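Here the structure comes first, spelled out in structure tokens, and everything after it is commentary.
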Amino acid sequence: MYEPPADIPESMQHYLRMWNERDPGAIRTHLDRAVSDDCLWVDPQNDHVGRDALEANVREFREKFPNADLGLASNVDGHHRSHRYDWIIEVDGKTLIRGADVTTLNEAGLIERVD
């Protein structure tokens, strides 16, 4: 399974692990260590606020793509509290989708926004 680089913020490591978690019971553990209670998550298909909504999104993704792996497809470029990176989702070694995110961390180091 994909292991995030150690040189990115701990919250982002847990965020990436959360998307790859095969144990449904462990998703929330990563989520609680990754994002703020009121995290805003926005992409072209979904937008929601809060841990519960993000958890539902991750669980739906895992059910739909149980063999998918999400990993970084670039270095993480960070400044102040923002970090940008490219990501890739692969299923059985074949690219399903590529994208890019910008995450913003709050003062406690948790992700408060993902665009």
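Chain labels run A, B, ... following the order of the structure tokens; each chain numbers its residues from 1, and ligands are numbered from 1 in the order shown.
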(request) Could you give me, as a ChimeraX atom specification, each residue of chain A that DSSP assigns to strand (DSSP E) when run on this structure's backbone? (result) /A:35-42,47-49,68-72,77-79,82-91,94-105,111-114
Which residues of region 45-77 of chain A come within 10 Å of region 3-13 of chain A, and what is each one's closest atom pair and distance in Å (one decimal), counting only C-alpha atoms, sorted by chain and residue number, as JSON lines?
```
{"residue": "A:Leu70", "atom": "CA", "partner": "A:Glu3", "partner_atom": "CA", "distance": 9.8}
{"residue": "A:Gly71", "atom": "CA", "partner": "A:Pro4", "partner_atom": "CA", "distance": 7.4}
{"residue": "A:Leu72", "atom": "CA", "partner": "A:Pro4", "partner_atom": "CA", "distance": 7.7}
{"residue": "A:Asn75", "atom": "CA", "partner": "A:Pro5", "partner_atom": "CA", "distance": 9.3}
{"residue": "A:Val76", "atom": "CA", "partner": "A:Ile8", "partner_atom": "CA", "distance": 7.2}
{"residue": "A:Asp77", "atom": "CA", "partner": "A:Ile8", "partner_atom": "CA", "distance": 9.4}
```
(message) Env of Glu90 (chain A): 7 Å cut, atoms = only C-alpha atoms, seq-sep filter 2 positions within chain, self excluded. Answer as number ranges by chain.
(response) A: 68-70, 88, 92-96
(request) Tell me which protein, DNA and RNA residues are within 12 Å of Val102 (chain A), counting only C-alpha atoms, leaving out same-chain ones fewer than 3 positions away, and put them as a list in words. (result)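 So the residues in contact are Met12, Leu40, Trp41, Val42, Asp43, Val76, Asp77, Gly78, His79, Arg81, Ser82, His83, Arg84, Tyr85, Asp86, Trp87, Gly99, Leu105, Ile111, Glu112, Arg113, Val114 and Asp115 of chain A.
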(message) For Thr29 (chain A), find every residue with an atom within 12 Å (counting only C-alpha atoms), except residues of its own chain fewer than 2 positions away, and show them as a PyMOL selection string.
(response) chain A and resi 11+14-15+17-19+21+23-27+31-35+51+55
(message) One decimal, in Å: what's the spacing between CA of Ile97 (chain A) and CA of Phe65 (chain A)?
(response)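 About the pair CA of Ile97 (chain A) and CA of Phe65 (chain A): they are 12.0 Å apart.
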(request) Please run DSSP on the backbone and report, as a ChimeraX atom specification, all residues within chain A that come out as helix (DSSP H, G or I). (result) /A:10-20,24-34,51-64
For the residues selected in the previous step, produce a file with N, CA and C atoms as an mmCIF file, in the first residue's frame.
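Result file is result_27.cif:
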```
data_model
loop_
_atom_site.group_PDB
_atom_site.id
_atom_site.type_symbol
_atom_site.label_atom_id
_atom_site.label_comp_id
_atom_site.auth_asym_id
_atom_site.auth_seq_id
_atom_site.Cartn_x
_atom_site.Cartn_y
_atom_site.Cartn_z
ATOM 1 N N GLU A 10 2.186 16.053 9.075
ATOM 2 C CA GLU A 10 1.572 14.816 9.576
ATOM 3 C C GLU A 10 0.095 14.722 9.182
ATOM 4 N N SER A 11 -0.608 15.849 9.223
ATOM 5 C CA SER A 11 -2.027 15.821 8.858
ATOM 6 C C SER A 11 -2.206 15.376 7.410
ATOM 7 N N MET A 12 -1.312 15.804 6.538
ATOM 8 C CA MET A 12 -1.411 15.400 5.132
ATOM 9 C C MET A 12 -1.044 13.929 4.958
ATOM 10 N N GLN A 13 -0.123 13.422 5.769
ATOM 11 C CA GLN A 13 0.187 11.993 5.723
ATOM 12 C C GLN A 13 -1.062 11.178 6.063
ATOM 13 N N HIS A 14 -1.775 11.593 7.113
ATOM 14 C CA HIS A 14 -2.993 10.877 7.500
ATOM 15 C C HIS A 14 -4.105 11.049 6.467
ATOM 16 N N TYR A 15 -4.158 12.206 5.834
ATOM 17 C CA TYR A 15 -5.154 12.449 4.792
ATOM 18 C C TYR A 15 -4.962 11.459 3.640
ATOM 19 N N LEU A 16 -3.721 11.282 3.202
ATOM 20 C CA LEU A 16 -3.442 10.335 2.113
ATOM 21 C C LEU A 16 -3.672 8.898 2.563
ATOM 22 N N ARG A 17 -3.275 8.569 3.779
ATOM 23 C CA ARG A 17 -3.520 7.211 4.295
ATOM 24 C C ARG A 17 -5.021 6.917 4.385
ATOM 25 N N MET A 18 -5.795 7.937 4.755
ATOM 26 C CA MET A 18 -7.241 7.778 4.880
ATOM 27 C C MET A 18 -7.853 7.311 3.558
ATOM 28 N N TRP A 19 -7.451 7.932 2.454
ATOM 29 C CA TRP A 19 -8.008 7.562 1.148
ATOM 30 C C TRP A 19 -7.623 6.145 0.749
ATOM 31 N N ASN A 20 -6.521 5.643 1.273
ATOM 32 C CA ASN A 20 -6.035 4.309 0.918
ATOM 33 C C ASN A 20 -6.392 3.243 1.946
ATOM 34 N N PRO A 24 -12.313 -0.321 7.033
ATOM 35 C CA PRO A 24 -13.303 0.739 7.251
ATOM 36 C C PRO A 24 -13.275 1.313 8.664
ATOM 37 N N GLY A 25 -12.916 0.503 9.645
ATOM 38 C CA GLY A 25 -12.863 0.978 11.014
ATOM 39 C C GLY A 25 -11.726 1.941 11.286
ATOM 40 N N ALA A 26 -10.730 1.974 10.429
ATOM 41 C CA ALA A 26 -9.571 2.843 10.637
ATOM 42 C C ALA A 26 -9.667 4.173 9.888
ATOM 43 N N ILE A 27 -10.656 4.299 9.018
ATOM 44 C CA ILE A 27 -10.784 5.540 8.239
ATOM 45 C C ILE A 27 -10.940 6.736 9.169
ATOM 46 N N ARG A 28 -11.802 6.626 10.157
ATOM 47 C CA ARG A 28 -12.069 7.762 11.046
ATOM 48 C C ARG A 28 -10.839 8.137 11.869
ATOM 49 N N THR A 29 -10.034 7.163 12.236
ATOM 50 C CA THR A 29 -8.810 7.453 12.988
ATOM 51 C C THR A 29 -7.903 8.377 12.193
ATOM 52 N N HIS A 30 -7.703 8.060 10.914
ATOM 53 C CA HIS A 30 -6.886 8.932 10.060
ATOM 54 C C HIS A 30 -7.564 10.286 9.876
ATOM 55 N N LEU A 31 -8.853 10.265 9.649
ATOM 56 C CA LEU A 31 -9.608 11.495 9.424
ATOM 57 C C LEU A 31 -9.473 12.446 10.603
ATOM 58 N N ASP A 32 -9.616 11.940 11.819
ATOM 59 C CA ASP A 32 -9.514 12.782 13.013
ATOM 60 C C ASP A 32 -8.123 13.386 13.173
ATOM 61 N N ARG A 33 -7.112 12.726 12.643
ATOM 62 C CA ARG A 33 -5.741 13.229 12.740
ATOM 63 C C ARG A 33 -5.359 14.076 11.532
ATOM 64 N N ALA A 34 -6.272 14.164 10.543
ATOM 65 C CA ALA A 34 -5.959 14.864 9.297
ATOM 66 C C ALA A 34 -6.658 16.212 9.155
ATOM 67 N N ARG A 51 -16.074 16.643 9.048
ATOM 68 C CA ARG A 51 -15.469 15.303 9.047
ATOM 69 C C ARG A 51 -16.456 14.222 8.630
ATOM 70 N N ASP A 52 -17.679 14.291 9.122
ATOM 71 C CA ASP A 52 -18.645 13.242 8.806
ATOM 72 C C ASP A 52 -18.910 13.157 7.309
ATOM 73 N N ALA A 53 -19.049 14.310 6.660
ATOM 74 C CA ALA A 53 -19.300 14.323 5.218
ATOM 75 C C ALA A 53 -18.094 13.799 4.445
ATOM 76 N N LEU A 54 -16.898 14.180 4.861
ATOM 77 C CA LEU A 54 -15.703 13.677 4.198
ATOM 78 C C LEU A 54 -15.558 12.180 4.414
ATOM 79 N N GLU A 55 -15.858 11.715 5.610
ATOM 80 C CA GLU A 55 -15.792 10.279 5.880
ATOM 81 C C GLU A 55 -16.759 9.517 4.960
ATOM 82 N N ALA A 56 -17.954 10.027 4.782
ATOM 83 C CA ALA A 56 -18.929 9.377 3.895
ATOM 84 C C ALA A 56 -18.389 9.329 2.465
ATOM 85 N N ASN A 57 -17.730 10.389 2.031
ATOM 86 C CA ASN A 57 -17.143 10.437 0.692
ATOM 87 C C ASN A 57 -16.053 9.375 0.547
ATOM 88 N N VAL A 58 -15.185 9.272 1.539
ATOM 89 C CA VAL A 58 -14.100 8.286 1.495
ATOM 90 C C VAL A 58 -14.668 6.868 1.487
ATOM 91 N N ARG A 59 -15.643 6.610 2.322
ATOM 92 C CA ARG A 59 -16.253 5.272 2.374
ATOM 93 C C ARG A 59 -16.919 4.917 1.043
ATOM 94 N N GLU A 60 -17.584 5.874 0.425
ATOM 95 C CA GLU A 60 -18.203 5.639 -0.879
ATOM 96 C C GLU A 60 -17.135 5.317 -1.928
ATOM 97 N N PHE A 61 -16.030 6.075 -1.910
ATOM 98 C CA PHE A 61 -14.920 5.825 -2.825
ATOM 99 C C PHE A 61 -14.358 4.419 -2.623
ATOM 100 N N ARG A 62 -14.127 4.040 -1.362
ATOM 101 C CA ARG A 62 -13.570 2.715 -1.053
ATOM 102 C C ARG A 62 -14.509 1.590 -1.498
ATOM 103 N N GLU A 63 -15.806 1.791 -1.346
ATOM 104 C CA GLU A 63 -16.768 0.774 -1.784
ATOM 105 C C GLU A 63 -16.785 0.646 -3.306
ATOM 106 N N LYS A 64 -16.692 1.774 -3.978
ATOM 107 C CA LYS A 64 -16.737 1.782 -5.442
ATOM 108 C C LYS A 64 -15.426 1.281 -6.052
#
```
(message) With distances taken over only C-alpha atoms, which residue among A:Ser74, A:Asn67, A:Ile89, A:His80 lies nearest Asn106 (chain A)?
(response)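 Residue with the minimum atom-to-atom distance to Asn106 (chain A): A:His80.
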(request) Would you mind reading off the distance between CA of Cys39 (chain A) and CA of Pro66 (chain A), one decimal, in Å? (result)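 According to the coordinates, CA of Cys39 (chain A) and CA of Pro66 (chain A) are separated by 24.7 Å.
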(request) State, in Å with one decimal place, the distance from CA of Asp37 (chain A) to CA of Arg22 (chain A). (result)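 Taking CA of Asp37 (chain A) and CA of Arg22 (chain A), their separation equals 22.8 Å.
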